[in-house]
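Notes follow the structure.
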Amino acid sequence: MLSRAEIIDEILTLAPAGDFGSDPAAVRARLWELTSTLISSYNADEPITVDPMDIYRQRAVPLEAARLADFLRGRRVLVTGAAGAVGSEVVEALANRLPTGAILALDLKESPVPAGAEDRVIPVVCDIRDAEATGKVFAEFNPEIVYHLAAQREPGLAEFETAFTITTNISGTRNIVTLCEQYGVDIFVHASTGKAARYYTPDVYAGSKKVAEYMIAELAPTMTTKVGMVRFTHIAENSIVFDDFRRKVANGVLNIHEPYRLMYVQSMVEAVALVLNTTLYVDDGDATLVTVGDLGWPLDILRLALHTIAISGEEVPLCFMGLPAGYEKHTFLGQLDWSAPWKTHPMLNALESEGAHLTDDEGMMISRPSRPAVSVLAEVDRLCSDVEASDLEDRDTHKRRLAEFLRWGCKATFESSDAVQRMRMLMWGCDPDVLAREGATVGELGPVVPMLIDSLQGVQFGPEFATLNADRVARTLRSLAEEPELKAMIEAIDPAAKPVSASA
């Protein structure tokens, strides 16, 4: 009997990038045989009909209901994106479990009103990209608390609706933040994504969310409004991936990106609790960043695909189409802080781990978002203006401008962060032993590596450099210097401590 790896290799050979070749009927038949065998293999571990999402739906972050009730009692609350999956649940929780005053539910389409809350929930149809119309809503309602969940949130769709995604997730968010300060809102909570933790992210959805984070993080210290940001990951009850798999099964072929991909998943209960609890953790000054304290084990996407086929009862073959443009094959492990177990969190990057801490119940991780030390606001305005002025269908221009901004922001973030920490990040991600273990090459890690190396050129390290493992530093730099395109940059790095004067 073939092993799982052998089955996967044959599927990849039979239908590279999902292409069934010149004899599609024969290829389809063999693919189904292989898929069926793979289902049987997984079924031996655990019944394949068991929904792998169930374990995530059962998890919860404790809602700090008593403290929230004291704080929110009688307050006017505005929820953007209130017709969405998370937004509607936030409205329901506010209306039926917390003693808020009026709740304005704003969305592009009319938001549902929870039963029994008709006298408190006011649905309003409004486009947050329209600053004038949104301003009228603020002026009439005069909110005290704003939960901002409005966004284009589907990564696949974002690659096609580039202008809508950028203008909604960035321009629209800019409008909401500006209005919060203008109308004296007490607390603003922004829903972001764990993908924004990446130093550099090439996809439109995550990239637009990262730009919004940069913008909010810069504005927060200048605002009287207290600011919080919540990073979500994949939500089990609102699974874009699961829905996509079901559509593909209905169409007769289920193709997924790659066979060995994992994703983190959380429950809707966790998402709602994170949004509302953040209200209690914001403070004056820097934006407060909140995420789930413990995400547990990630989900095997291949198991989810096979489960979707198995419960359909149809003979639907599986194949692998490869990663979309812009996605890296391997994760840059310098993304995470590996210096201590409690610092390694999939929703925080290594620059955000310092000072991060769990809440008393350990349900949430509290941190601060990383950002460039230079102002990003003018660049954000230019990016949004360029996209708004361009042709709606000019996706290449939109993606190019967003990528330019993200590269600039990543470079500026690196250059404004601690140099020793950057060297650690380079070792964590590019040590030749690490790369060999991951089966990766430097080139497969994307542009973040040359940007990180570039930020270390000419740096004069102080005595704290002695905390690094000198042999590992030397080994990593020697290995990177073997890459022709990196050699000159590596030679411009001097891995030695320089004396630091008392006045420095």
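Just so we're on the same page: first chain in the structure tokens is A, next is B, and so on; residues restart at 1 for each chain, and ligands are numbered from 1 in the order they show up.
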
Spatial neighbours of Leu262 in chain A, max dist 10 Å, only C-alpha atoms, sep filter under 6 positions, as a VMD selection string: chain A and resid 297 to 303

Find the residues near range 177-188 of chain A: any atom within 9 Å, counting only C-alpha atoms, skip ones fewer than 2 places away on the same chain, and give them as a compact mmCIF listing (two decimals) with all heavy atoms, in the first residue's frame.
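Generated file (part_14.txt):
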```txt
# COMPACT_ATOMS: atom_id res chain seq x y z
N ALA A 131 -16.44 59.68 3.25
CA ALA A 131 -16.16 60.40 4.49
C ALA A 131 -17.30 61.33 4.88
O ALA A 131 -17.62 61.48 6.07
CB ALA A 131 -14.86 61.20 4.33
N THR A 134 -20.31 59.18 6.20
CA THR A 134 -19.96 58.58 7.50
C THR A 134 -19.88 59.66 8.57
O THR A 134 -20.27 59.44 9.73
CB THR A 134 -18.63 57.81 7.40
OG1 THR A 134 -18.66 56.94 6.26
CG2 THR A 134 -18.39 56.98 8.64
N GLY A 135 -19.39 60.83 8.20
CA GLY A 135 -19.33 61.94 9.14
C GLY A 135 -20.71 62.35 9.63
O GLY A 135 -20.88 62.69 10.81
N PHE A 138 -21.75 59.97 12.36
CA PHE A 138 -21.09 60.30 13.63
C PHE A 138 -21.74 61.53 14.27
O PHE A 138 -21.98 61.57 15.47
CB PHE A 138 -19.60 60.54 13.41
CG PHE A 138 -18.75 59.31 13.52
CD1 PHE A 138 -18.76 58.33 12.53
CD2 PHE A 138 -17.92 59.12 14.62
CE1 PHE A 138 -17.97 57.21 12.63
CE2 PHE A 138 -17.12 57.98 14.73
CZ PHE A 138 -17.15 57.02 13.73
N ALA A 139 -22.03 62.54 13.45
CA ALA A 139 -22.58 63.78 13.98
C ALA A 139 -23.96 63.56 14.59
O ALA A 139 -24.29 64.13 15.65
CB ALA A 139 -22.66 64.82 12.87
N ASN A 142 -23.31 60.52 17.57
CA ASN A 142 -22.34 60.92 18.60
C ASN A 142 -21.88 59.72 19.44
O ASN A 142 -22.07 59.68 20.66
CB ASN A 142 -22.94 61.99 19.51
CG ASN A 142 -21.87 62.67 20.37
OD1 ASN A 142 -20.69 62.68 20.03
ND2 ASN A 142 -22.29 63.22 21.50
N PRO A 143 -21.23 58.72 18.81
CA PRO A 143 -20.85 57.50 19.55
C PRO A 143 -19.77 57.75 20.59
O PRO A 143 -18.96 58.67 20.45
CB PRO A 143 -20.32 56.59 18.44
CG PRO A 143 -19.82 57.52 17.38
CD PRO A 143 -20.77 58.69 17.42
N GLU A 144 -19.80 56.92 21.62
CA GLU A 144 -18.77 56.98 22.66
C GLU A 144 -17.75 55.85 22.50
O GLU A 144 -16.59 55.99 22.90
CB GLU A 144 -19.42 56.90 24.03
CG GLU A 144 -20.35 58.07 24.33
CD GLU A 144 -21.17 57.84 25.58
OE1 GLU A 144 -22.26 57.25 25.46
OE2 GLU A 144 -20.71 58.24 26.67
N ILE A 145 -18.22 54.72 21.97
CA ILE A 145 -17.35 53.57 21.72
C ILE A 145 -17.56 53.14 20.27
O ILE A 145 -18.70 53.06 19.81
CB ILE A 145 -17.71 52.37 22.64
CG1 ILE A 145 -17.86 52.79 24.10
CG2 ILE A 145 -16.66 51.25 22.48
CD1 ILE A 145 -16.59 53.21 24.77
N VAL A 146 -16.46 52.86 19.55
CA VAL A 146 -16.56 52.40 18.16
C VAL A 146 -15.79 51.09 18.01
O VAL A 146 -14.60 51.01 18.34
CB VAL A 146 -15.99 53.45 17.18
CG1 VAL A 146 -15.91 52.87 15.76
CG2 VAL A 146 -16.85 54.70 17.19
N TYR A 147 -16.50 50.06 17.52
CA TYR A 147 -15.88 48.79 17.17
C TYR A 147 -15.87 48.72 15.64
O TYR A 147 -16.92 48.65 15.00
CB TYR A 147 -16.67 47.61 17.74
CG TYR A 147 -16.71 47.61 19.26
CD1 TYR A 147 -17.89 47.93 19.94
CD2 TYR A 147 -15.58 47.28 20.00
CE1 TYR A 147 -17.93 47.93 21.33
CE2 TYR A 147 -15.61 47.29 21.39
CZ TYR A 147 -16.78 47.61 22.05
OH TYR A 147 -16.83 47.62 23.42
N HIS A 148 -14.68 48.75 15.07
CA HIS A 148 -14.54 48.85 13.61
C HIS A 148 -14.21 47.49 13.01
O HIS A 148 -13.06 47.04 13.03
CB HIS A 148 -13.44 49.87 13.28
CG HIS A 148 -13.15 50.00 11.82
ND1 HIS A 148 -14.14 50.13 10.86
CD2 HIS A 148 -11.97 50.03 11.14
CE1 HIS A 148 -13.58 50.22 9.67
NE2 HIS A 148 -12.27 50.16 9.82
N GLY A 172 -11.14 53.70 4.17
CA GLY A 172 -12.30 53.64 5.05
C GLY A 172 -11.91 53.66 6.51
O GLY A 172 -12.53 54.34 7.33
N THR A 173 -10.87 52.92 6.84
CA THR A 173 -10.38 52.91 8.23
C THR A 173 -9.85 54.28 8.62
O THR A 173 -10.09 54.76 9.74
CB THR A 173 -9.30 51.83 8.39
OG1 THR A 173 -9.88 50.55 8.14
CG2 THR A 173 -8.71 51.85 9.80
N ARG A 174 -9.13 54.92 7.70
CA ARG A 174 -8.64 56.28 7.97
C ARG A 174 -9.80 57.22 8.28
O ARG A 174 -9.72 58.04 9.21
CB ARG A 174 -7.85 56.78 6.76
CG ARG A 174 -7.31 58.20 6.91
CD ARG A 174 -6.62 58.65 5.62
NE ARG A 174 -7.51 58.57 4.47
CZ ARG A 174 -7.13 58.73 3.21
NH1 ARG A 174 -5.86 58.98 2.93
NH2 ARG A 174 -8.00 58.64 2.22
N ASN A 175 -10.90 57.10 7.54
CA ASN A 175 -12.08 57.93 7.79
C ASN A 175 -12.64 57.69 9.18
O ASN A 175 -12.98 58.64 9.90
CB ASN A 175 -13.16 57.66 6.75
CG ASN A 175 -12.80 58.16 5.36
OD1 ASN A 175 -11.94 59.03 5.21
ND2 ASN A 175 -13.43 57.60 4.35
N HIS A 190 -10.14 48.32 16.58
CA HIS A 190 -10.01 47.96 15.16
C HIS A 190 -9.76 46.46 15.01
O HIS A 190 -8.88 45.90 15.68
CB HIS A 190 -8.84 48.74 14.55
CG HIS A 190 -8.45 48.30 13.18
ND1 HIS A 190 -9.24 48.49 12.08
CD2 HIS A 190 -7.32 47.69 12.72
CE1 HIS A 190 -8.65 48.02 11.01
NE2 HIS A 190 -7.47 47.52 11.37
N ILE A 216 -2.85 53.39 12.16
CA ILE A 216 -3.49 53.50 13.47
C ILE A 216 -2.45 53.60 14.57
O ILE A 216 -2.58 54.40 15.50
CB ILE A 216 -4.42 52.29 13.71
CG1 ILE A 216 -5.60 52.33 12.73
CG2 ILE A 216 -4.94 52.28 15.15
CD1 ILE A 216 -6.38 51.03 12.68
N LEU A 219 -1.08 57.12 14.69
CA LEU A 219 -2.05 58.12 15.15
C LEU A 219 -2.35 58.00 16.64
O LEU A 219 -2.61 59.01 17.31
CB LEU A 219 -3.34 58.00 14.34
CG LEU A 219 -3.29 58.47 12.89
CD1 LEU A 219 -4.56 58.07 12.16
CD2 LEU A 219 -3.10 59.98 12.83
N MET A 223 -3.83 60.92 19.80
CA MET A 223 -5.29 60.99 19.91
C MET A 223 -5.75 61.04 21.37
O MET A 223 -5.11 60.45 22.25
CB MET A 223 -5.93 59.79 19.21
CG MET A 223 -5.69 59.74 17.71
SD MET A 223 -6.27 58.18 16.95
CE MET A 223 -8.05 58.30 17.23
N THR A 224 -6.87 61.72 21.59
CA THR A 224 -7.52 61.63 22.90
C THR A 224 -8.32 60.34 22.99
O THR A 224 -8.55 59.81 24.08
CB THR A 224 -8.46 62.84 23.13
OG1 THR A 224 -9.40 62.93 22.05
CG2 THR A 224 -7.65 64.13 23.22
N THR A 225 -8.76 59.82 21.84
CA THR A 225 -9.43 58.52 21.78
C THR A 225 -8.42 57.43 22.10
O THR A 225 -7.31 57.42 21.56
CB THR A 225 -10.02 58.27 20.38
OG1 THR A 225 -10.94 59.31 20.05
CG2 THR A 225 -10.72 56.93 20.30
N LYS A 226 -8.78 56.51 22.97
CA LYS A 226 -7.92 55.36 23.27
C LYS A 226 -8.12 54.31 22.20
O LYS A 226 -9.25 54.07 21.75
CB LYS A 226 -8.24 54.80 24.66
CG LYS A 226 -7.95 55.78 25.79
CD LYS A 226 -8.35 55.19 27.14
CE LYS A 226 -8.08 56.19 28.26
NZ LYS A 226 -8.50 55.66 29.59
N VAL A 227 -7.02 53.67 21.81
CA VAL A 227 -7.04 52.82 20.61
C VAL A 227 -6.62 51.39 20.93
O VAL A 227 -5.62 51.15 21.61
CB VAL A 227 -6.09 53.40 19.54
CG1 VAL A 227 -5.98 52.46 18.35
CG2 VAL A 227 -6.58 54.77 19.09
N GLY A 228 -7.39 50.44 20.42
CA GLY A 228 -7.05 49.02 20.51
C GLY A 228 -7.12 48.36 19.15
O GLY A 228 -7.88 48.79 18.28
N MET A 229 -6.30 47.33 18.95
CA MET A 229 -6.34 46.54 17.73
C MET A 229 -6.42 45.07 18.10
O MET A 229 -5.72 44.61 19.01
CB MET A 229 -5.10 46.79 16.87
CG MET A 229 -5.08 48.13 16.18
SD MET A 229 -3.82 48.22 14.89
CE MET A 229 -2.37 48.56 15.86
N THR A 279 -11.85 46.56 24.95
CA THR A 279 -12.35 47.82 25.51
C THR A 279 -11.72 48.12 26.87
O THR A 279 -11.45 49.28 27.21
CB THR A 279 -13.88 47.73 25.70
OG1 THR A 279 -14.48 47.21 24.51
CG2 THR A 279 -14.47 49.09 26.02
N VAL A 282 -7.35 49.04 26.64
CA VAL A 282 -6.74 50.18 25.96
C VAL A 282 -6.31 51.21 27.00
O VAL A 282 -6.86 51.28 28.10
CB VAL A 282 -7.71 50.82 24.95
CG1 VAL A 282 -8.01 49.86 23.82
CG2 VAL A 282 -9.00 51.27 25.64
```

Spatial neighbours of range 400-408 of chain A, max dist 8 Å, only C-alpha atoms, sep filter under 5 positions, as JSON, numbers by chain: {"A": [200, 201, 202, 204, 207, 208, 211, 379, 380, 383, 386, 387]}

Take the residues from that selection and write them out as a short mmCIF file (atom, residue, chain, number, x, y, z; two decimals), in the first residue's frame, keeping all heavy atoms.
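Written file, part-v1.cif:
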```
data_model
loop_
_atom_site.label_atom_id
_atom_site.label_comp_id
_atom_site.auth_asym_id
_atom_site.auth_seq_id
_atom_site.Cartn_x
_atom_site.Cartn_y
_atom_site.Cartn_z
N TYR A 200 6.69 41.62 6.18
CA TYR A 200 6.30 42.00 4.83
C TYR A 200 5.33 40.95 4.33
O TYR A 200 5.58 39.75 4.49
CB TYR A 200 7.51 42.07 3.90
CG TYR A 200 7.13 42.25 2.45
CD1 TYR A 200 6.79 43.51 1.96
CD2 TYR A 200 7.10 41.18 1.57
CE1 TYR A 200 6.42 43.69 0.62
CE2 TYR A 200 6.74 41.34 0.24
CZ TYR A 200 6.40 42.59 -0.23
OH TYR A 200 6.03 42.76 -1.54
N THR A 201 4.22 41.37 3.78
CA THR A 201 3.24 40.42 3.27
C THR A 201 2.83 40.81 1.86
O THR A 201 2.49 41.98 1.62
CB THR A 201 2.01 40.35 4.20
OG1 THR A 201 1.07 39.41 3.68
CG2 THR A 201 1.35 41.70 4.39
N PRO A 202 2.90 39.90 0.90
CA PRO A 202 2.68 40.26 -0.49
C PRO A 202 1.22 40.26 -0.94
O PRO A 202 0.92 40.76 -2.02
CB PRO A 202 3.46 39.19 -1.24
CG PRO A 202 3.36 37.98 -0.35
CD PRO A 202 3.35 38.50 1.06
N VAL A 204 -2.89 41.13 -1.07
CA VAL A 204 -3.60 42.40 -0.99
C VAL A 204 -4.37 42.53 0.33
O VAL A 204 -4.33 43.58 0.97
CB VAL A 204 -4.55 42.57 -2.19
CG1 VAL A 204 -5.40 43.83 -2.05
CG2 VAL A 204 -3.74 42.61 -3.49
N GLY A 207 -1.88 42.78 3.25
CA GLY A 207 -1.12 44.01 3.06
C GLY A 207 -1.92 45.25 3.40
O GLY A 207 -1.42 46.18 4.05
N SER A 208 -3.19 45.27 2.98
CA SER A 208 -4.04 46.43 3.28
C SER A 208 -4.27 46.54 4.78
O SER A 208 -4.33 47.65 5.33
CB SER A 208 -5.37 46.32 2.54
OG SER A 208 -6.14 45.22 2.99
N VAL A 211 -1.07 48.01 6.40
CA VAL A 211 -1.01 49.46 6.22
C VAL A 211 -1.92 50.15 7.23
O VAL A 211 -1.54 51.15 7.85
CB VAL A 211 -1.40 49.86 4.78
CG1 VAL A 211 -1.47 51.38 4.65
CG2 VAL A 211 -0.40 49.30 3.77
N GLU A 379 2.66 58.84 3.13
CA GLU A 379 2.75 57.72 2.19
C GLU A 379 1.41 57.00 2.07
O GLU A 379 1.04 56.54 0.98
CB GLU A 379 3.84 56.74 2.64
CG GLU A 379 5.25 57.27 2.52
CD GLU A 379 5.63 57.58 1.08
OE1 GLU A 379 5.20 56.85 0.17
OE2 GLU A 379 6.36 58.56 0.87
N VAL A 380 0.68 56.88 3.17
CA VAL A 380 -0.66 56.27 3.12
C VAL A 380 -1.56 57.11 2.23
O VAL A 380 -2.30 56.58 1.39
CB VAL A 380 -1.26 56.15 4.54
CG1 VAL A 380 -2.75 55.78 4.47
CG2 VAL A 380 -0.52 55.10 5.34
N LEU A 383 -0.63 56.52 -1.39
CA LEU A 383 -1.08 55.20 -1.83
C LEU A 383 -2.58 55.23 -2.14
O LEU A 383 -3.01 54.78 -3.21
CB LEU A 383 -0.78 54.16 -0.75
CG LEU A 383 -1.47 52.80 -0.88
CD1 LEU A 383 -1.01 52.08 -2.13
CD2 LEU A 383 -1.21 51.94 0.36
N ASP A 386 -3.44 57.37 -5.22
CA ASP A 386 -3.06 56.71 -6.48
C ASP A 386 -4.08 55.64 -6.86
O ASP A 386 -4.45 55.51 -8.04
CB ASP A 386 -1.67 56.08 -6.35
CG ASP A 386 -0.56 57.11 -6.33
OD1 ASP A 386 -0.84 58.29 -6.60
OD2 ASP A 386 0.59 56.73 -6.03
N VAL A 387 -4.51 54.86 -5.89
CA VAL A 387 -5.48 53.79 -6.18
C VAL A 387 -6.84 54.39 -6.54
O VAL A 387 -7.49 53.96 -7.49
CB VAL A 387 -5.61 52.84 -4.97
CG1 VAL A 387 -6.77 51.86 -5.18
CG2 VAL A 387 -4.31 52.08 -4.75
#
```

For Leu486 in chain A, the nearest of the candidates A:Met1, A:Lys399, A:Leu452, A:Ala466, counting only C-alpha atoms: A:Leu452

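The two atoms in question, CA of Gly101 in chain A and CA of Cys126 in chain A, are spaced 21.1 Å apart.
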
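Of the residues under consideration (A:Gln421, A:Thr167, A:Thr233, A:Gln266), A:Gln421 shows the shortest atom-to-atom contact distance to Ser339 in chain A when counting only C-alpha atoms.
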
Nearby residues (only C-alpha atoms) at most 10 Å from Asp127 in chain A, same-chain spacing under 4 positions excluded, as a JSON list (two decimals) with C-alpha atoms, in the first residue's frame:
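part-v7.json written:
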```json
[["chain", "number", "residue", "atom", "x", "y", "z"],
["A", 80, "THR", "CA", -19.05, 49.05, 11.60],
["A", 81, "GLY", "CA", -19.30, 45.91, 9.49],
["A", 106, "LEU", "CA", -23.41, 50.32, 10.23],
["A", 107, "ASP", "CA", -22.70, 48.37, 7.04],
["A", 108, "LEU", "CA", -22.92, 48.52, 3.25],
["A", 109, "LYS", "CA", -26.16, 46.55, 3.55],
["A", 131, "ALA", "CA", -16.16, 60.40, 4.49],
["A", 132, "GLU", "CA", -19.01, 62.89, 4.22],
["A", 133, "ALA", "CA", -21.79, 60.33, 4.66],
["A", 134, "THR", "CA", -19.96, 58.58, 7.50],
["A", 150, "ALA", "CA", -15.96, 46.77, 8.33],
["A", 168, "THR", "CA", -12.16, 49.99, 2.20],
["A", 172, "GLY", "CA", -12.30, 53.64, 5.05]]
```

Residue nearest Pro432 in chain A among A:Val230, A:Ala26, A:Ala481, A:Leu31 (counting only C-alpha atoms): A:Ala481

Shortest interatomic distance to Val448 in chain A - which of A:Thr37, A:Thr331, A:Thr308, A:Thr359, counting only C-alpha atoms: A:Thr331

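Proximity of A:Leu426, A:Val241, A:Leu254, A:Ala340 to Pro155 in chain A, computed with only C-alpha atoms, is greatest for A:Val241.
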
Alpha helix (DSSP H) call set, DSSP backbone run, range 78-112 of chain A, as a ChimeraX atom specification: /A:85-97

DSSP strand (DSSP E or B) residues within range 97-274 of chain A, as a ChimeraX atom specification: /A:103-107,121-125,145-148,187-193,226-232,234-235,254-256,262-263,265-266

Separation of CA of Leu12 in chain A from CA of Ala440 in chain A, in Å and rounded to one decimal: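 These atoms are spaced 18.8 Å apart.
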
Å distance separating CA of Glu482 in chain A from CA of Ser416 in chain A, one decimal place: 27.6 Å
